[in-house]
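K.L.:
First, the structure itself, so that you have it in front of you.
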Amino acid sequence: MRQLMSNLRHKTKAAPVAGNATVSSEYLRLVKAGAEARGLDIAPIFAACDIERAILRRRGARVSARCAAEVWKRTTARLGDPNFALTVAESIPLGAINLIDYLVLSSPDVGEGLDRVSRYSPLMSDAEQLTLIVEGNEARFRFHNGNGIPYPIEMVVGIFARRARDLFGPSWSLKRVSFAHAAQGSRAAYDRMCQAPVQFEMPFTEAVFARDLLDQEMAGADARLNAIFMAEADAALGALKADVGPPSFIDTVRQVLAEGLYEQDFTLTRLADRLGVSSRTLQRRLNAAGVTHRGLVRGVRQDLATRSLATRVSQGQIARTLGYSGPGSFLRAFKRWSGMTPGQHRRAH
């Protein structure tokens, strides 16, 4: 666990979502189970989205994430329940998420279990990414939405919140949960599923909990079984990565920067540490790509600031998330980029 904590503190392995993202047949079966639990025959929706029913019976089969997103939209509309995705976890028994469920169950402790979830979540969908971040006395399980619609990430958050309570024991609890998008339906549904204070239109979608909980032992820990499951998962993940291809180095750098800007002093050395390369190697690769560390930091900050200003998040919160010392520093930087203050940008957009 100590080695894991060191890795989580200093490195982020998340990669940008590829444009050709896919979801697995197991993922689609979760949506199907949730819809059928509500009495909805989802077969016509799959057909309308060009998804053959036979795919659901083929283990490891992949479907375009765009088709899956259309399934989400049509299913949610047919049910007339904007909280459907969030609450679908209530219809999914333990074991339905196949390898990932069993990897968590057999892990030695909560931290290792969540590390497995983060690492192998692309087996279910590589349109959403999960990252475990540990800083100070808090841990953050951050959810990255690559779909452009809120439903898939709401399902992921709902499953995480429900599974964590079921698997991690009575001492488990969340400090807070935030969503990058607006509430989709009843606030009571979010309270029921998350059982923690919930905020919306925040810079990130994440669940925050006490760091100490990562050391909590798993009741079903089994090193032999976990090694078997990991070998199978690694083989499946290797095949998936071979199909979709790796992200570019610069895209990965941007993702790592976005994850760590709140630390303020995100120097070239710290960035290199997160990426697992030397400062000299990082500088050489940035030079070869025709970009600079300072330029990348500025670009990531500008992108996150613009997106955050489209929400109701306060300028103070945005400044903290982006690693500025205060709202004044953020205001001056934003005006340098755009020629207007954050407030003027909000009013204009």
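Residue names in the structure tokens use chain letters A, B, ... in the order shown, residue numbers from 1 in each chain, and ligand numbers from 1 in the order shown.
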Would you give me, as a ChimeraX atom specification, the residues in region 61-239 of chain A that DSSP reads as strand (DSSP E)?
P.N.:
/A:62-64,128-135,138-145,176-178,198-199,205-210
K.L.:
Restricted to N, CA and C atoms, what would the selected residues look like written as a PDB file, in the first residue's frame?
P.N.:
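In the end it all went to part12.pdb:
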ATOM      1  N   ARG A  62     -17.073  -4.883 -28.793  1.00  0.00           N
ATOM      2  CA  ARG A  62     -17.036  -3.434 -28.607  1.00  0.00           C
ATOM      3  C   ARG A  62     -18.001  -2.743 -29.572  1.00  0.00           C
ATOM      4  N   VAL A  63     -18.559  -1.637 -29.092  1.00  0.00           N
ATOM      5  CA  VAL A  63     -19.488  -0.821 -29.870  1.00  0.00           C
ATOM      6  C   VAL A  63     -19.052   0.630 -29.735  1.00  0.00           C
ATOM      7  N   SER A  64     -19.250   1.415 -30.762  1.00  0.00           N
ATOM      8  CA  SER A  64     -18.891   2.827 -30.714  1.00  0.00           C
ATOM      9  C   SER A  64     -19.542   3.528 -29.524  1.00  0.00           C
ATOM     10  N   GLU A 128     -14.983   6.961 -20.803  1.00  0.00           N
ATOM     11  CA  GLU A 128     -14.888   7.546 -19.465  1.00  0.00           C
ATOM     12  C   GLU A 128     -13.594   7.058 -18.833  1.00  0.00           C
ATOM     13  N   GLN A 129     -12.945   7.939 -18.080  1.00  0.00           N
ATOM     14  CA  GLN A 129     -11.694   7.563 -17.422  1.00  0.00           C
ATOM     15  C   GLN A 129     -11.791   7.867 -15.931  1.00  0.00           C
ATOM     16  N   LEU A 130     -11.188   7.031 -15.140  1.00  0.00           N
ATOM     17  CA  LEU A 130     -11.216   7.174 -13.688  1.00  0.00           C
ATOM     18  C   LEU A 130      -9.787   7.342 -13.190  1.00  0.00           C
ATOM     19  N   THR A 131      -9.588   8.306 -12.307  1.00  0.00           N
ATOM     20  CA  THR A 131      -8.254   8.596 -11.790  1.00  0.00           C
ATOM     21  C   THR A 131      -8.317   8.736 -10.278  1.00  0.00           C
ATOM     22  N   LEU A 132      -7.442   8.038  -9.570  1.00  0.00           N
ATOM     23  CA  LEU A 132      -7.344   8.148  -8.118  1.00  0.00           C
ATOM     24  C   LEU A 132      -6.209   9.098  -7.776  1.00  0.00           C
ATOM     25  N   ILE A 133      -6.537  10.168  -7.062  1.00  0.00           N
ATOM     26  CA  ILE A 133      -5.567  11.205  -6.708  1.00  0.00           C
ATOM     27  C   ILE A 133      -5.514  11.308  -5.189  1.00  0.00           C
ATOM     28  N   VAL A 134      -4.314  11.292  -4.631  1.00  0.00           N
ATOM     29  CA  VAL A 134      -4.142  11.385  -3.183  1.00  0.00           C
ATOM     30  C   VAL A 134      -3.304  12.615  -2.870  1.00  0.00           C
ATOM     31  N   GLU A 135      -3.867  13.521  -2.062  1.00  0.00           N
ATOM     32  CA  GLU A 135      -3.159  14.720  -1.640  1.00  0.00           C
ATOM     33  C   GLU A 135      -3.552  15.058  -0.214  1.00  0.00           C
ATOM     34  N   GLU A 138      -6.762  13.766   2.050  1.00  0.00           N
ATOM     35  CA  GLU A 138      -7.921  13.416   1.235  1.00  0.00           C
ATOM     36  C   GLU A 138      -7.518  12.601   0.008  1.00  0.00           C
ATOM     37  N   ALA A 139      -8.446  11.780  -0.437  1.00  0.00           N
ATOM     38  CA  ALA A 139      -8.296  11.058  -1.702  1.00  0.00           C
ATOM     39  C   ALA A 139      -9.461  11.450  -2.599  1.00  0.00           C
ATOM     40  N   ARG A 140      -9.183  11.584  -3.878  1.00  0.00           N
ATOM     41  CA  ARG A 140     -10.215  11.938  -4.849  1.00  0.00           C
ATOM     42  C   ARG A 140     -10.286  10.858  -5.912  1.00  0.00           C
ATOM     43  N   PHE A 141     -11.480  10.351  -6.156  1.00  0.00           N
ATOM     44  CA  PHE A 141     -11.687   9.456  -7.283  1.00  0.00           C
ATOM     45  C   PHE A 141     -12.372  10.305  -8.345  1.00  0.00           C
ATOM     46  N   ARG A 142     -11.610  10.649  -9.379  1.00  0.00           N
ATOM     47  CA  ARG A 142     -12.081  11.619 -10.371  1.00  0.00           C
ATOM     48  C   ARG A 142     -12.563  10.895 -11.624  1.00  0.00           C
ATOM     49  N   PHE A 143     -13.681  11.372 -12.158  1.00  0.00           N
ATOM     50  CA  PHE A 143     -14.339  10.742 -13.299  1.00  0.00           C
ATOM     51  C   PHE A 143     -14.296  11.699 -14.485  1.00  0.00           C
ATOM     52  N   HIS A 144     -13.729  11.255 -15.582  1.00  0.00           N
ATOM     53  CA  HIS A 144     -13.595  12.080 -16.777  1.00  0.00           C
ATOM     54  C   HIS A 144     -14.613  11.615 -17.818  1.00  0.00           C
ATOM     55  N   ASN A 145     -15.436  12.524 -18.283  1.00  0.00           N
ATOM     56  CA  ASN A 145     -16.512  12.189 -19.218  1.00  0.00           C
ATOM     57  C   ASN A 145     -16.082  12.530 -20.635  1.00  0.00           C
ATOM     58  N   ARG A 176     -17.727  14.291   0.112  1.00  0.00           N
ATOM     59  CA  ARG A 176     -18.538  15.077  -0.813  1.00  0.00           C
ATOM     60  C   ARG A 176     -18.403  14.483  -2.213  1.00  0.00           C
ATOM     61  N   VAL A 177     -19.369  14.829  -3.040  1.00  0.00           N
ATOM     62  CA  VAL A 177     -19.365  14.409  -4.443  1.00  0.00           C
ATOM     63  C   VAL A 177     -19.669  15.638  -5.287  1.00  0.00           C
ATOM     64  N   SER A 178     -18.917  15.847  -6.348  1.00  0.00           N
ATOM     65  CA  SER A 178     -19.182  16.973  -7.239  1.00  0.00           C
ATOM     66  C   SER A 178     -19.356  16.471  -8.663  1.00  0.00           C
ATOM     67  N   VAL A 198     -23.584  16.984  -2.144  1.00  0.00           N
ATOM     68  CA  VAL A 198     -23.408  16.939  -3.596  1.00  0.00           C
ATOM     69  C   VAL A 198     -23.416  18.358  -4.157  1.00  0.00           C
ATOM     70  N   GLN A 199     -22.473  18.642  -5.043  1.00  0.00           N
ATOM     71  CA  GLN A 199     -22.390  19.935  -5.722  1.00  0.00           C
ATOM     72  C   GLN A 199     -22.426  19.711  -7.225  1.00  0.00           C
ATOM     73  N   THR A 205     -15.831  16.229 -12.005  1.00  0.00           N
ATOM     74  CA  THR A 205     -16.715  15.238 -11.393  1.00  0.00           C
ATOM     75  C   THR A 205     -15.830  14.322 -10.559  1.00  0.00           C
ATOM     76  N   GLU A 206     -16.078  14.283  -9.252  1.00  0.00           N
ATOM     77  CA  GLU A 206     -15.215  13.490  -8.385  1.00  0.00           C
ATOM     78  C   GLU A 206     -15.903  13.166  -7.075  1.00  0.00           C
ATOM     79  N   ALA A 207     -15.454  12.084  -6.445  1.00  0.00           N
ATOM     80  CA  ALA A 207     -15.888  11.694  -5.106  1.00  0.00           C
ATOM     81  C   ALA A 207     -14.683  11.837  -4.186  1.00  0.00           C
ATOM     82  N   VAL A 208     -14.869  12.528  -3.071  1.00  0.00           N
ATOM     83  CA  VAL A 208     -13.771  12.817  -2.154  1.00  0.00           C
ATOM     84  C   VAL A 208     -14.011  12.086  -0.837  1.00  0.00           C
ATOM     85  N   PHE A 209     -12.957  11.454  -0.316  1.00  0.00           N
ATOM     86  CA  PHE A 209     -13.075  10.717   0.937  1.00  0.00           C
ATOM     87  C   PHE A 209     -11.756  10.798   1.698  1.00  0.00           C
ATOM     88  N   ALA A 210     -11.790  10.358   2.950  1.00  0.00           N
ATOM     89  CA  ALA A 210     -10.589  10.428   3.795  1.00  0.00           C
ATOM     90  C   ALA A 210      -9.513   9.490   3.262  1.00  0.00           C
TER      91      ALA A 210
END
K.L.:
Return as a short mmCIF file (atom, residue, chain, number, x, y, z; two decimals) with N, CA and C atoms, in the first residue's frame the full set of residues in region 147-192 of chain A whose backbone-based DSSP assignment is alpha helix (DSSP H).
P.N.:
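Below is the file part-v2.cif, written as the result:
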data_model
loop_
_atom_site.label_atom_id
_atom_site.label_comp_id
_atom_site.auth_asym_id
_atom_site.auth_seq_id
_atom_site.Cartn_x
_atom_site.Cartn_y
_atom_site.Cartn_z
N TYR A 151 -25.17 11.28 -18.91
CA TYR A 151 -25.69 10.00 -18.43
C TYR A 151 -24.62 8.94 -18.16
N PRO A 152 -23.66 8.71 -19.07
CA PRO A 152 -22.67 7.65 -18.79
C PRO A 152 -21.88 7.91 -17.51
N ILE A 153 -21.45 9.16 -17.30
CA ILE A 153 -20.64 9.43 -16.12
C ILE A 153 -21.50 9.35 -14.86
N GLU A 154 -22.79 9.66 -14.97
CA GLU A 154 -23.67 9.53 -13.81
C GLU A 154 -23.82 8.05 -13.43
N MET A 155 -23.89 7.17 -14.43
CA MET A 155 -23.94 5.75 -14.11
C MET A 155 -22.67 5.33 -13.39
N VAL A 156 -21.51 5.79 -13.85
CA VAL A 156 -20.24 5.41 -13.24
C VAL A 156 -20.19 5.89 -11.78
N VAL A 157 -20.60 7.14 -11.54
CA VAL A 157 -20.59 7.67 -10.18
C VAL A 157 -21.56 6.89 -9.30
N GLY A 158 -22.74 6.62 -9.83
CA GLY A 158 -23.73 5.86 -9.05
C GLY A 158 -23.24 4.48 -8.69
N ILE A 159 -22.60 3.79 -9.65
CA ILE A 159 -22.06 2.46 -9.38
C ILE A 159 -20.95 2.54 -8.34
N PHE A 160 -20.06 3.52 -8.48
CA PHE A 160 -18.98 3.66 -7.51
C PHE A 160 -19.52 3.87 -6.10
N ALA A 161 -20.46 4.80 -5.96
CA ALA A 161 -21.00 5.11 -4.64
C ALA A 161 -21.69 3.89 -4.03
N ARG A 162 -22.46 3.17 -4.83
CA ARG A 162 -23.18 2.00 -4.34
C ARG A 162 -22.24 0.84 -4.03
N ARG A 163 -21.32 0.55 -4.96
CA ARG A 163 -20.39 -0.56 -4.75
C ARG A 163 -19.49 -0.30 -3.55
N ALA A 164 -19.04 0.95 -3.39
CA ALA A 164 -18.15 1.26 -2.28
C ALA A 164 -18.83 0.98 -0.94
N ARG A 165 -20.09 1.35 -0.83
CA ARG A 165 -20.81 1.07 0.43
C ARG A 165 -20.97 -0.42 0.65
N ASP A 166 -21.21 -1.17 -0.43
CA ASP A 166 -21.43 -2.61 -0.32
C ASP A 166 -20.14 -3.37 0.01
N LEU A 167 -19.02 -2.89 -0.54
CA LEU A 167 -17.79 -3.67 -0.47
C LEU A 167 -16.79 -3.21 0.58
N ARG A 187 -32.99 16.16 -6.79
CA ARG A 187 -31.86 16.23 -5.86
C ARG A 187 -31.91 15.06 -4.88
N ALA A 188 -33.12 14.60 -4.56
CA ALA A 188 -33.26 13.48 -3.63
C ALA A 188 -32.57 12.22 -4.16
N ALA A 189 -32.59 12.03 -5.48
CA ALA A 189 -31.93 10.85 -6.07
C ALA A 189 -30.42 10.92 -5.86
N TYR A 190 -29.85 12.10 -6.02
CA TYR A 190 -28.41 12.26 -5.80
C TYR A 190 -28.07 12.02 -4.33
N ASP A 191 -28.90 12.55 -3.44
CA ASP A 191 -28.65 12.36 -2.01
C ASP A 191 -28.72 10.87 -1.65
N ARG A 192 -29.69 10.17 -2.23
CA ARG A 192 -29.87 8.75 -1.92
C ARG A 192 -28.70 7.92 -2.44
#
K.L.:
So how many Å separate CA of Ala219 (chain A) and CA of Glu112 (chain A), to one decimal?
P.N.:
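Computing the Euclidean distance for CA of Ala219 (chain A) and CA of Glu112 (chain A) yields 13.1 Å.
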K.L.:
Write out as an MDAnalysis selection string the residues lying within 12 Å of Ile228 (chain A), counting only C-alpha atoms and excluding same-chain residues fewer than 6 positions away.
P.N.:
chainID A and resid 99 102:103 106:107 222 234:235
K.L.:
Enumerate, in order of chain and increasing residue number, the residues of region 191-251 of chain A with an atom no farther than 12 Å from region 259-283 of chain A, each with its shortest atom pair and distance in Å to one decimal, counting only C-alpha atoms, as JSON lines.
P.N.:
{"residue": "A:Pro203", "atom": "CA", "partner": "A:Glu259", "partner_atom": "CA", "distance": 10.9}
{"residue": "A:Phe204", "atom": "CA", "partner": "A:Glu259", "partner_atom": "CA", "distance": 9.5}
{"residue": "A:Thr205", "atom": "CA", "partner": "A:Glu259", "partner_atom": "CA", "distance": 11.7}
{"residue": "A:Glu206", "atom": "CA", "partner": "A:Glu259", "partner_atom": "CA", "distance": 11.5}
{"residue": "A:Phe249", "atom": "CA", "partner": "A:Leu275", "partner_atom": "CA", "distance": 9.8}
{"residue": "A:Ile250", "atom": "CA", "partner": "A:Leu282", "partner_atom": "CA", "distance": 10.2}
{"residue": "A:Asp251", "atom": "CA", "partner": "A:Leu275", "partner_atom": "CA", "distance": 11.9}
K.L.:
When you look at Val313 (chain A) with a cut-off of 9 Å (counting only C-alpha atoms), what residues show up, excluding the ones that are within fewer than 6 positions of it in the same chain? I need them as a list in words.
P.N.:
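In the requested format, the answer is Phe200, Glu201, Met202 and Pro203 of chain A.
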K.L.:
Take the residues just selected and output them with N, CA and C atoms as a PDB file, in the first residue's frame.
P.N.:
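Wrote again-v6.pdb, looks like this:
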ATOM      1  N   PHE A 200     -22.965  20.694  -7.938  1.00  0.00           N
ATOM      2  CA  PHE A 200     -23.082  20.594  -9.396  1.00  0.00           C
ATOM      3  C   PHE A 200     -22.362  21.747 -10.081  1.00  0.00           C
ATOM      4  N   GLU A 201     -22.100  21.524 -11.384  1.00  0.00           N
ATOM      5  CA  GLU A 201     -21.421  22.523 -12.215  1.00  0.00           C
ATOM      6  C   GLU A 201     -20.092  22.957 -11.592  1.00  0.00           C
ATOM      7  N   MET A 202     -19.342  21.956 -11.163  1.00  0.00           N
ATOM      8  CA  MET A 202     -18.020  22.160 -10.590  1.00  0.00           C
ATOM      9  C   MET A 202     -16.969  21.882 -11.668  1.00  0.00           C
ATOM     10  N   PRO A 203     -15.711  22.254 -11.419  1.00  0.00           N
ATOM     11  CA  PRO A 203     -14.675  22.017 -12.440  1.00  0.00           C
ATOM     12  C   PRO A 203     -14.481  20.543 -12.784  1.00  0.00           C
TER      13      PRO A 203
END
K.L.:
List the neighbours of region 296-305 of chain A out to 8 Å using only C-alpha atoms; skip same-chain residues closer than 5 positions along the sequence, and give me the result as number ranges by chain.
P.N.:
A: 203, 254, 257-258, 261, 291, 318, 322, 334, 337
K.L.:
Pick out the residues sitting within 10 Å of Gly60 (chain A), and hand them over as a tab-separated table (two decimals) with N, CA and C atoms, in the first residue's frame; count only C-alpha atoms, and ignore anything fewer than 5 positions along from it in its own chain.
P.N.:
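What follows is the written file out23.tsv:
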chain	number	residue	atom	x	y	z
A	23	VAL	N	-17.40	1.13	-26.13
A	23	VAL	CA	-17.87	0.50	-24.90
A	23	VAL	C	-18.01	-0.99	-25.16
A	24	SER	N	-18.00	-1.77	-24.09
A	24	SER	CA	-18.05	-3.23	-24.23
A	24	SER	C	-19.49	-3.75	-24.21
A	25	SER	N	-19.64	-4.99	-24.62
A	25	SER	CA	-20.95	-5.63	-24.55
A	25	SER	C	-21.41	-5.73	-23.10
A	26	GLU	N	-20.47	-5.91	-22.16
A	26	GLU	CA	-20.82	-5.95	-20.74
A	26	GLU	C	-21.41	-4.61	-20.28
A	27	TYR	N	-20.85	-3.53	-20.78
A	27	TYR	CA	-21.36	-2.18	-20.48
A	27	TYR	C	-22.80	-2.05	-20.95
A	55	ILE	N	-24.57	-8.87	-30.25
A	55	ILE	CA	-23.35	-8.32	-29.67
A	55	ILE	C	-23.36	-8.44	-28.16
A	123	LEU	N	-11.83	-1.42	-19.99
A	123	LEU	CA	-12.42	-2.69	-20.46
A	123	LEU	C	-13.93	-2.57	-20.57
A	124	MET	N	-14.53	-1.71	-19.75
A	124	MET	CA	-15.97	-1.46	-19.85
A	124	MET	C	-16.24	-0.34	-20.85
A	236	ALA	N	-6.65	-8.54	-21.79
A	236	ALA	CA	-7.77	-7.87	-22.46
A	236	ALA	C	-7.45	-6.40	-22.71
A	240	LEU	N	-7.12	-4.33	-26.28
A	240	LEU	CA	-7.91	-3.12	-26.52
A	240	LEU	C	-7.02	-1.96	-26.94
K.L.:
Using only C-alpha atoms for the distances, tell me which of A:Val110, A:Ala85, A:Cys67, A:Met218 is nearest to Ile51 (chain A).
P.N.:
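That would be A:Cys67, the residue with the smallest distance to Ile51 (chain A).
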K.L.:
Please indicate the distance in Å from CA of Glu90 (chain A) to CA of Gly148 (chain A), rounded to one decimal place.
P.N.:
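Rounded to one decimal, the two atoms are 24.1 Å apart.
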K.L.:
Provide the CA of Asn98 (chain A) to CA of Ala180 (chain A) distance in Å, to one decimal place.
P.N.:
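So the two atoms, CA of Asn98 (chain A) and CA of Ala180 (chain A), lie 28.1 Å apart.
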K.L.:
Let me make sure I understand: among A:Leu79, A:Phe330, A:Leu286, A:Gly95, which one has the smallest atom-to-atom distance to Glu36 (chain A) if we use only C-alpha atoms?
P.N.:
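Closest residue, counting only C-alpha atoms: A:Leu79.
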